[in-house]
file structure-v9.pdb (PDB, C-alpha atoms)
ATOM      1  CA  MET A   3      10.048  30.108  23.771
ATOM      2  CA  LYS A   4       8.260  26.990  24.987
ATOM      3  CA  LYS A   5       6.487  24.992  22.288
ATOM      4  CA  GLU A   6       2.992  23.715  23.061
ATOM      5  CA  ILE A   7       1.768  20.455  21.590
ATOM      6  CA  LEU A   8      -1.356  21.349  19.674
ATOM      7  CA  ASN A   9      -1.985  18.029  17.979
ATOM      8  CA  MET A  10      -1.093  14.684  19.497
ATOM      9  CA  ASP A  11      -1.452  12.702  16.289
ATOM     10  CA  THR A  12      -1.035   9.112  17.438
ATOM     11  CA  LYS A  13      -1.208   5.944  15.388
ATOM     12  CA  ILE A  14      -1.352   2.368  16.668
ATOM     13  CA  ILE A  15       1.081   0.351  14.562
ATOM     14  CA  THR A  16       2.136  -3.294  14.589
ATOM     15  CA  PHE A  17       5.933  -3.401  14.451
ATOM     16  CA  SER A  18       7.950  -6.357  13.278
ATOM     17  CA  SER A  19      11.087  -7.168  15.230
ATOM     18  CA  LEU A  20      14.299  -5.454  14.175
ATOM     19  CA  LYS A  21      17.845  -6.634  14.882
ATOM     20  CA  LEU A  22      20.036  -3.791  16.144
ATOM     21  CA  VAL A  23      23.634  -3.256  17.206
ATOM     22  CA  CYS A  24      23.660  -1.438  20.543
ATOM     23  CA  TYR A  25      25.790   0.272  23.136
ATOM     24  CA  ARG A  26      24.220   0.463  26.625
ATOM     25  CA  GLN A  27      24.158   3.098  29.296
ATOM     26  CA  VAL A  28      22.586   2.892  32.726
ATOM     27  CA  GLY A  29      21.340   5.997  34.482
ATOM     28  CA  ASP A  30      20.241   9.502  33.602
ATOM     29  CA  TYR A  31      18.943   9.931  30.057
ATOM     30  CA  TRP A  32      20.851  13.216  29.789
ATOM     31  CA  ASN A  33      23.985  11.053  29.390
ATOM     32  CA  LEU A  34      22.701   9.548  26.133
ATOM     33  CA  PRO A  35      24.606  11.947  23.823
ATOM     34  CA  GLY A  36      27.879  10.457  25.104
ATOM     35  CA  THR A  37      26.483   6.962  24.647
ATOM     36  CA  TRP A  38      25.597   7.763  21.035
ATOM     37  CA  GLN A  39      29.074   9.201  20.445
ATOM     38  CA  LYS A  40      30.679   6.012  21.787
ATOM     39  CA  LEU A  41      28.435   3.843  19.574
ATOM     40  CA  PHE A  42      29.369   5.888  16.487
ATOM     41  CA  GLU A  43      33.085   5.620  17.311
ATOM     42  CA  LEU A  44      32.903   1.850  17.801
ATOM     43  CA  MET A  45      30.887   1.359  14.623
ATOM     44  CA  ALA A  46      33.263   3.538  12.594
ATOM     45  CA  ASN A  47      36.169   1.447  13.907
ATOM     46  CA  GLN A  48      34.385  -1.599  12.461
ATOM     47  CA  GLY A  49      34.147   0.080   9.052
ATOM     48  CA  VAL A  50      30.421   0.767   9.279
ATOM     49  CA  PRO A  51      29.554   4.210   7.889
ATOM     50  CA  MET A  52      27.558   6.331  10.301
ATOM     51  CA  PRO A  53      24.891   7.449  10.657
ATOM     52  CA  ALA A  54      23.075   4.210   9.916
ATOM     53  CA  PRO A  55      19.808   4.206   7.953
ATOM     54  CA  ILE A  56      17.907   3.432  11.158
ATOM     55  CA  GLY A  57      18.883   4.787  14.550
ATOM     56  CA  MET A  58      16.895   4.576  17.734
ATOM     57  CA  THR A  59      17.219   4.712  21.470
ATOM     58  CA  VAL A  60      15.786   1.657  23.205
ATOM     59  CA  PHE A  61      14.413   2.449  26.666
ATOM     60  CA  HIS A  62      14.108  -0.813  28.595
ATOM     61  CA  ASP A  63      12.887   0.885  31.800
ATOM     62  CA  HIS A  64      10.994   3.938  30.530
ATOM     63  CA  PHE A  65       8.257   3.459  33.100
ATOM     64  CA  ASP A  66       7.376   4.778  36.541
ATOM     65  CA  GLY A  67       8.706   2.951  39.573
ATOM     66  CA  ILE A  68      12.277   2.460  38.365
ATOM     67  CA  PRO A  69      14.792   4.978  39.764
ATOM     68  CA  MET A  70      16.580   7.000  37.075
ATOM     69  CA  ALA A  71      19.959   5.750  38.310
ATOM     70  CA  LYS A  72      18.927   2.188  37.353
ATOM     71  CA  LYS A  73      17.211   2.849  34.018
ATOM     72  CA  ARG A  74      18.778   1.014  31.059
ATOM     73  CA  SER A  75      18.850   2.574  27.601
ATOM     74  CA  ASP A  76      20.662   1.606  24.423
ATOM     75  CA  ALA A  77      21.931   3.729  21.568
ATOM     76  CA  ALA A  78      21.098   1.416  18.677
ATOM     77  CA  VAL A  79      21.491   1.211  14.915
ATOM     78  CA  TYR A  80      20.308  -1.180  12.266
ATOM     79  CA  VAL A  81      23.090  -2.344   9.987
ATOM     80  CA  THR A  82      22.805  -4.374   6.805
ATOM     81  CA  ARG A  83      25.765  -6.662   7.486
ATOM     82  CA  ASP A  84      27.247  -8.499  10.435
ATOM     83  CA  VAL A  85      29.450  -6.357  12.648
ATOM     84  CA  LYS A  86      32.195  -7.617  14.926
ATOM     85  CA  LEU A  87      30.909  -7.048  18.436
ATOM     86  CA  VAL A  88      33.689  -5.453  20.486
ATOM     87  CA  ASP A  89      34.070  -3.034  23.397
ATOM     88  CA  GLY A  90      30.540  -3.256  24.757
ATOM     89  CA  LEU A  91      28.662  -3.637  21.477
ATOM     90  CA  PHE A  92      25.883  -6.218  21.493
ATOM     91  CA  THR A  93      22.937  -7.189  19.340
ATOM     92  CA  TYR A  94      19.355  -6.772  20.431
ATOM     93  CA  GLU A  95      16.177  -7.773  18.665
ATOM     94  CA  THR A  96      13.279  -5.455  19.331
ATOM     95  CA  PRO A  97      10.093  -7.277  20.216
ATOM     96  CA  GLY A  98       7.356  -6.827  17.685
ATOM     97  CA  GLY A  99       3.809  -5.988  18.590
ATOM     98  CA  LEU A 100       1.513  -3.028  18.992
ATOM     99  CA  TYR A 101       3.048   0.393  19.540
ATOM    100  CA  ALA A 102       1.441   3.790  19.932
ATOM    101  CA  VAL A 103       3.467   6.188  17.794
ATOM    102  CA  THR A 104       3.458   9.973  17.822
ATOM    103  CA  PRO A 105       5.841  12.406  16.084
ATOM    104  CA  HIS A 106       8.084  14.911  17.838
ATOM    105  CA  PHE A 107       9.441  17.824  15.793
ATOM    106  CA  GLY A 108      12.353  19.681  17.314
ATOM    107  CA  PRO A 109      15.650  19.170  19.105
ATOM    108  CA  CYS A 110      16.338  16.070  21.170
ATOM    109  CA  GLU A 111      16.494  18.188  24.330
ATOM    110  CA  GLU A 112      12.712  18.729  24.026
ATOM    111  CA  ILE A 113      11.738  15.075  23.546
ATOM    112  CA  GLY A 114      11.235  14.409  27.271
ATOM    113  CA  THR A 115       8.578  17.111  27.461
ATOM    114  CA  THR A 116       6.737  15.558  24.518
ATOM    115  CA  TRP A 117       6.899  12.067  26.103
ATOM    116  CA  ASP A 118       5.524  13.426  29.396
ATOM    117  CA  LYS A 119       2.718  15.423  27.806
ATOM    118  CA  TRP A 120       1.758  12.520  25.531
ATOM    119  CA  ARG A 121       1.595  10.047  28.401
ATOM    120  CA  GLU A 122      -0.308  12.480  30.634
ATOM    121  CA  GLU A 123      -2.848  13.691  28.058
ATOM    122  CA  TRP A 124      -3.244  11.099  25.308
ATOM    123  CA  LEU A 125      -2.653   7.757  27.023
ATOM    124  CA  PRO A 126      -5.237   7.942  29.869
ATOM    125  CA  THR A 127      -8.119   8.623  27.456
ATOM    126  CA  SER A 128      -6.934   6.409  24.598
ATOM    127  CA  GLY A 129      -8.270   2.988  25.612
ATOM    128  CA  TRP A 130      -4.675   1.720  25.642
ATOM    129  CA  GLN A 131      -2.174   1.122  28.429
ATOM    130  CA  LEU A 132       1.585   0.753  28.460
ATOM    131  CA  ASP A 133       2.918  -2.759  28.030
ATOM    132  CA  THR A 134       5.849  -2.685  30.447
ATOM    133  CA  THR A 135       7.160  -6.048  29.203
ATOM    134  CA  ARG A 136       8.520  -4.353  26.060
ATOM    135  CA  PRO A 137      10.778  -1.310  25.627
ATOM    136  CA  SER A 138       9.826   2.163  24.478
ATOM    137  CA  LEU A 139      11.650   3.476  21.405
ATOM    138  CA  GLU A 140      12.756   6.818  20.015
ATOM    139  CA  TRP A 141      13.077   6.255  16.271
ATOM    140  CA  TYR A 142      15.136   9.018  14.644
ATOM    141  CA  GLN A 143      14.205  10.044  11.123
ATOM    142  CA  GLY A 144      16.743  11.508   8.716
ATOM    143  CA  TYR A 145      20.254  12.771   9.275
ATOM    144  CA  PHE A 146      20.257  15.096  12.260
ATOM    145  CA  LYS A 147      23.603  16.691  11.399
ATOM    146  CA  LEU A 148      22.207  17.868   8.046
ATOM    147  CA  THR A 149      18.893  19.179   9.378
ATOM    148  CA  PRO A 150      18.256  22.257  11.540
ATOM    149  CA  PRO A 151      17.273  21.154  15.098
ATOM    150  CA  GLU A 152      13.780  22.635  14.837
ATOM    151  CA  LEU A 153      13.136  20.245  11.904
ATOM    152  CA  HIS A 154      14.414  17.076  13.578
ATOM    153  CA  LEU A 155      11.755  14.371  13.446
ATOM    154  CA  THR A 156      11.639  11.634  16.064
ATOM    155  CA  LEU A 157       8.920   9.016  16.348
ATOM    156  CA  LEU A 158       8.059   8.274  19.982
ATOM    157  CA  CYS A 159       6.979   4.637  20.206
ATOM    158  CA  ASP A 160       5.385   3.206  23.334
ATOM    159  CA  PRO A 161       4.433  -0.473  23.535
ATOM    160  CA  VAL A 162       0.721  -0.763  24.270
ATOM    161  CA  CYS A 163      -2.028  -3.260  24.943
ATOM    162  CA  GLN A 164      -5.771  -2.815  25.393
ATOM    163  CA  ALA A 165      -6.568  -1.076  28.672
ATOM    164  CA  LYS A 166      -8.203  -3.327  31.232
ATOM    165  CA  ALA A 167     -11.759  -2.363  32.103
ATOM    166  CA  GLN A 168     -12.084  -0.906  35.583
ATOM    167  CA  GLY A 169     -14.954  -2.104  37.637
TER     168      GLY A 169
END
call {"tool": "encode", "arguments": {"input": "structure-v9.pdb", "output": "structure tokens"}}
result
Amino acid sequence: MKKEILNMDTKIITFSSLKLVCYRQVGDYWNLPGTWQKLFELMANQGVPMPAPIGMTVFHDHFDGIPMAKKRSDAAVYVTRDVKLVDGLFTYETPGGLYAVTPHFGPCEEIGTTWDKWREEWLPTSGWQLDTTRPSLEWYQGYFKLTPPELHLTLLCDPVCQAKAQG
């Protein structure tokens, strides 16, 4: 059964920067589960219990005009102590600023549909436009392994700026 989005409850929030430990993948977003698995393995090898209190996917190229094969995305976690950066781990500091945030309830496999619908229906009439100088974020709430997929909560966060007047 296909779920329709009945309410696109969006908030404009000012985020502070956040320092993350990341593992990068380039290409199709459907490969992200393997990227997350690799991040968890590397973090566990460093003695960091997973899942971390904050986990998110950072989409550096989540915009039109960039071929999927070249899109960069990072599986990323916030940790409360320094971690030895090995085997492809690196730190990244998210840029702060204004983000449009909307919730997605349901399994990760359905997030793309929510992103598309949100950008097609909410964004054009919102008075905001995407700020392509900053990444989009999927901010995962709670412990997915302990929650049924239909109750997974993910905050979709798009960087925005005031839309330029057309004329």
call {"tool": "resolve_selection", "arguments": {"input": "structure-v9.pdb", "expression": "the PyMOL selection byres ((chain A and resi 70-78) around 9)", "output": "MDAnalysis selection string"}}
result
chainID A and resid 22:31 34:35 37:38 41 56:64 68:69 79:80 93:94
call {"tool": "atom_distance", "arguments": {"input": "structure-v9.pdb", "atom1": "CA of Ala46 (chain A)", "atom2": "CA of Leu20 (chain A)"}}
result
21.0 Å
call {"tool": "residues_around", "arguments": {"input": "structure-v9.pdb", "residues": "Pro105 (chain A)", "least_positions_apart": "2", "cutoff": "9 Å", "atoms": "only C-alpha atoms", "output": "MDAnalysis selection string"}}
result
chainID A and resid 10:12 103 107 155:159
call {"tool": "resolve_selection", "arguments": {"input": "structure-v9.pdb", "expression": "the PyMOL selection byres ((chain A and resi 125-127) around 12)", "output": "number ranges by chain"}}
result
A: 10-14, 101-104, 117-124, 128-133, 160-166
call {"tool": "atom_distance", "arguments": {"input": "structure-v9.pdb", "atom1": "CA of Glu111 (chain A)", "atom2": "CA of Pro150 (chain A)"}}
result
13.5 Å
call {"tool": "atom_distance", "arguments": {"input": "structure-v9.pdb", "atom1": "CA of Pro109 (chain A)", "atom2": "CA of Leu139 (chain A)"}}
result
16.4 Å
call {"tool": "closest_residue", "arguments": {"input": "structure-v9.pdb", "among": "A:Gly90, A:Asp66, A:Asn33, A:Glu95", "to": "Lys21 (chain A)", "atoms": "only C-alpha atoms"}}
result
A:Glu95
call {"tool": "resolve_selection", "arguments": {"input": "structure-v9.pdb", "expression": "the PyMOL selection byres ((chain A and resi 84-86) around 9)", "output": "PDB file with C-alpha atoms, in the coordinates of the input"}}
result
ATOM      1  CA  VAL A  23      23.634  -3.256  17.206  1.00  0.00           C
ATOM      2  CA  MET A  45      30.887   1.359  14.623  1.00  0.00           C
ATOM      3  CA  GLN A  48      34.385  -1.599  12.461  1.00  0.00           C
ATOM      4  CA  GLY A  49      34.147   0.080   9.052  1.00  0.00           C
ATOM      5  CA  VAL A  50      30.421   0.767   9.279  1.00  0.00           C
ATOM      6  CA  VAL A  81      23.090  -2.344   9.987  1.00  0.00           C
ATOM      7  CA  THR A  82      22.805  -4.374   6.805  1.00  0.00           C
ATOM      8  CA  ARG A  83      25.765  -6.662   7.486  1.00  0.00           C
ATOM      9  CA  LEU A  87      30.909  -7.048  18.436  1.00  0.00           C
ATOM     10  CA  VAL A  88      33.689  -5.453  20.486  1.00  0.00           C
ATOM     11  CA  LEU A  91      28.662  -3.637  21.477  1.00  0.00           C
TER      12      LEU A  91
END
call {"tool": "residues_around", "arguments": {"input": "structure-v9.pdb", "residues": "Pro97 (chain A)", "least_positions_apart": "6", "cutoff": "8 Å", "atoms": "all atoms listed in the file", "output": "PyMOL selection string"}}
result
chain A and resi 18-20+136
call {"tool": "decode", "arguments": {"input": "structure-v9.pdb", "residues": "region 89-106 of chain A", "atoms": "N, CA, C and O atoms", "output": "PDB file, in the first residue's frame"}}
result
ATOM      1  N   ASP A  89      40.950   3.810   8.185  1.00  0.00           N
ATOM      2  CA  ASP A  89      40.185   3.096   7.158  1.00  0.00           C
ATOM      3  C   ASP A  89      39.051   3.900   6.530  1.00  0.00           C
ATOM      4  O   ASP A  89      37.938   3.422   6.403  1.00  0.00           O
ATOM      5  N   GLY A  90      39.336   5.145   6.151  1.00  0.00           N
ATOM      6  CA  GLY A  90      38.328   5.930   5.460  1.00  0.00           C
ATOM      7  C   GLY A  90      37.453   6.792   6.344  1.00  0.00           C
ATOM      8  O   GLY A  90      36.608   7.521   5.840  1.00  0.00           O
ATOM      9  N   LEU A  91      37.631   6.722   7.664  1.00  0.00           N
ATOM     10  CA  LEU A  91      36.873   7.615   8.538  1.00  0.00           C
ATOM     11  C   LEU A  91      37.456   9.022   8.441  1.00  0.00           C
ATOM     12  O   LEU A  91      38.658   9.200   8.308  1.00  0.00           O
ATOM     13  N   PHE A  92      36.594  10.016   8.508  1.00  0.00           N
ATOM     14  CA  PHE A  92      37.047  11.403   8.544  1.00  0.00           C
ATOM     15  C   PHE A  92      36.049  12.224   9.335  1.00  0.00           C
ATOM     16  O   PHE A  92      34.924  11.784   9.590  1.00  0.00           O
ATOM     17  N   THR A  93      36.464  13.394   9.771  1.00  0.00           N
ATOM     18  CA  THR A  93      35.543  14.283  10.469  1.00  0.00           C
ATOM     19  C   THR A  93      34.996  15.306   9.485  1.00  0.00           C
ATOM     20  O   THR A  93      35.646  15.677   8.501  1.00  0.00           O
ATOM     21  N   TYR A  94      33.790  15.738   9.762  1.00  0.00           N
ATOM     22  CA  TYR A  94      33.127  16.744   8.951  1.00  0.00           C
ATOM     23  C   TYR A  94      32.308  17.613   9.891  1.00  0.00           C
ATOM     24  O   TYR A  94      31.637  17.098  10.788  1.00  0.00           O
ATOM     25  N   GLU A  95      32.372  18.903   9.684  1.00  0.00           N
ATOM     26  CA  GLU A  95      31.562  19.819  10.473  1.00  0.00           C
ATOM     27  C   GLU A  95      30.438  20.350   9.592  1.00  0.00           C
ATOM     28  O   GLU A  95      30.685  20.979   8.558  1.00  0.00           O
ATOM     29  N   THR A  96      29.218  20.056   9.991  1.00  0.00           N
ATOM     30  CA  THR A  96      28.082  20.531   9.208  1.00  0.00           C
ATOM     31  C   THR A  96      28.039  22.050   9.268  1.00  0.00           C
ATOM     32  O   THR A  96      28.303  22.634  10.322  1.00  0.00           O
ATOM     33  N   PRO A  97      27.716  22.691   8.163  1.00  0.00           N
ATOM     34  CA  PRO A  97      27.571  24.138   8.219  1.00  0.00           C
ATOM     35  C   PRO A  97      26.257  24.483   8.925  1.00  0.00           C
ATOM     36  O   PRO A  97      25.254  23.790   8.752  1.00  0.00           O
ATOM     37  N   GLY A  98      26.298  25.483   9.729  1.00  0.00           N
ATOM     38  CA  GLY A  98      25.067  25.939  10.359  1.00  0.00           C
ATOM     39  C   GLY A  98      24.233  26.716   9.358  1.00  0.00           C
ATOM     40  O   GLY A  98      24.564  26.798   8.175  1.00  0.00           O
ATOM     41  N   GLY A  99      23.163  27.267   9.825  1.00  0.00           N
ATOM     42  CA  GLY A  99      22.326  28.102   8.976  1.00  0.00           C
ATOM     43  C   GLY A  99      20.886  27.631   8.940  1.00  0.00           C
ATOM     44  O   GLY A  99      20.485  26.732   9.688  1.00  0.00           O
ATOM     45  N   LEU A 100      20.123  28.247   8.068  1.00  0.00           N
ATOM     46  CA  LEU A 100      18.703  27.940   7.956  1.00  0.00           C
ATOM     47  C   LEU A 100      18.468  26.635   7.204  1.00  0.00           C
ATOM     48  O   LEU A 100      19.037  26.424   6.126  1.00  0.00           O
ATOM     49  N   TYR A 101      17.610  25.808   7.774  1.00  0.00           N
ATOM     50  CA  TYR A 101      17.197  24.556   7.152  1.00  0.00           C
ATOM     51  C   TYR A 101      15.686  24.439   7.231  1.00  0.00           C
ATOM     52  O   TYR A 101      15.076  24.772   8.246  1.00  0.00           O
ATOM     53  N   ALA A 102      15.084  23.982   6.148  1.00  0.00           N
ATOM     54  CA  ALA A 102      13.682  23.586   6.163  1.00  0.00           C
ATOM     55  C   ALA A 102      13.660  22.128   6.605  1.00  0.00           C
ATOM     56  O   ALA A 102      14.398  21.303   6.064  1.00  0.00           O
ATOM     57  N   VAL A 103      12.830  21.830   7.592  1.00  0.00           N
ATOM     58  CA  VAL A 103      12.813  20.494   8.190  1.00  0.00           C
ATOM     59  C   VAL A 103      11.397  19.956   8.165  1.00  0.00           C
ATOM     60  O   VAL A 103      10.449  20.630   8.594  1.00  0.00           O
ATOM     61  N   THR A 104      11.255  18.729   7.674  1.00  0.00           N
ATOM     62  CA  THR A 104       9.962  18.054   7.685  1.00  0.00           C
ATOM     63  C   THR A 104      10.172  16.616   8.148  1.00  0.00           C
ATOM     64  O   THR A 104      11.209  16.015   7.875  1.00  0.00           O
ATOM     65  N   PRO A 105       9.208  16.047   8.885  1.00  0.00           N
ATOM     66  CA  PRO A 105       9.361  14.666   9.351  1.00  0.00           C
ATOM     67  C   PRO A 105       8.937  13.646   8.294  1.00  0.00           C
ATOM     68  O   PRO A 105       8.063  13.909   7.474  1.00  0.00           O
ATOM     69  N   HIS A 106       9.595  12.496   8.348  1.00  0.00           N
ATOM     70  CA  HIS A 106       9.197  11.333   7.551  1.00  0.00           C
ATOM     71  C   HIS A 106       8.999  10.184   8.532  1.00  0.00           C
ATOM     72  O   HIS A 106       9.916   9.830   9.272  1.00  0.00           O
TER      73      HIS A 106
END
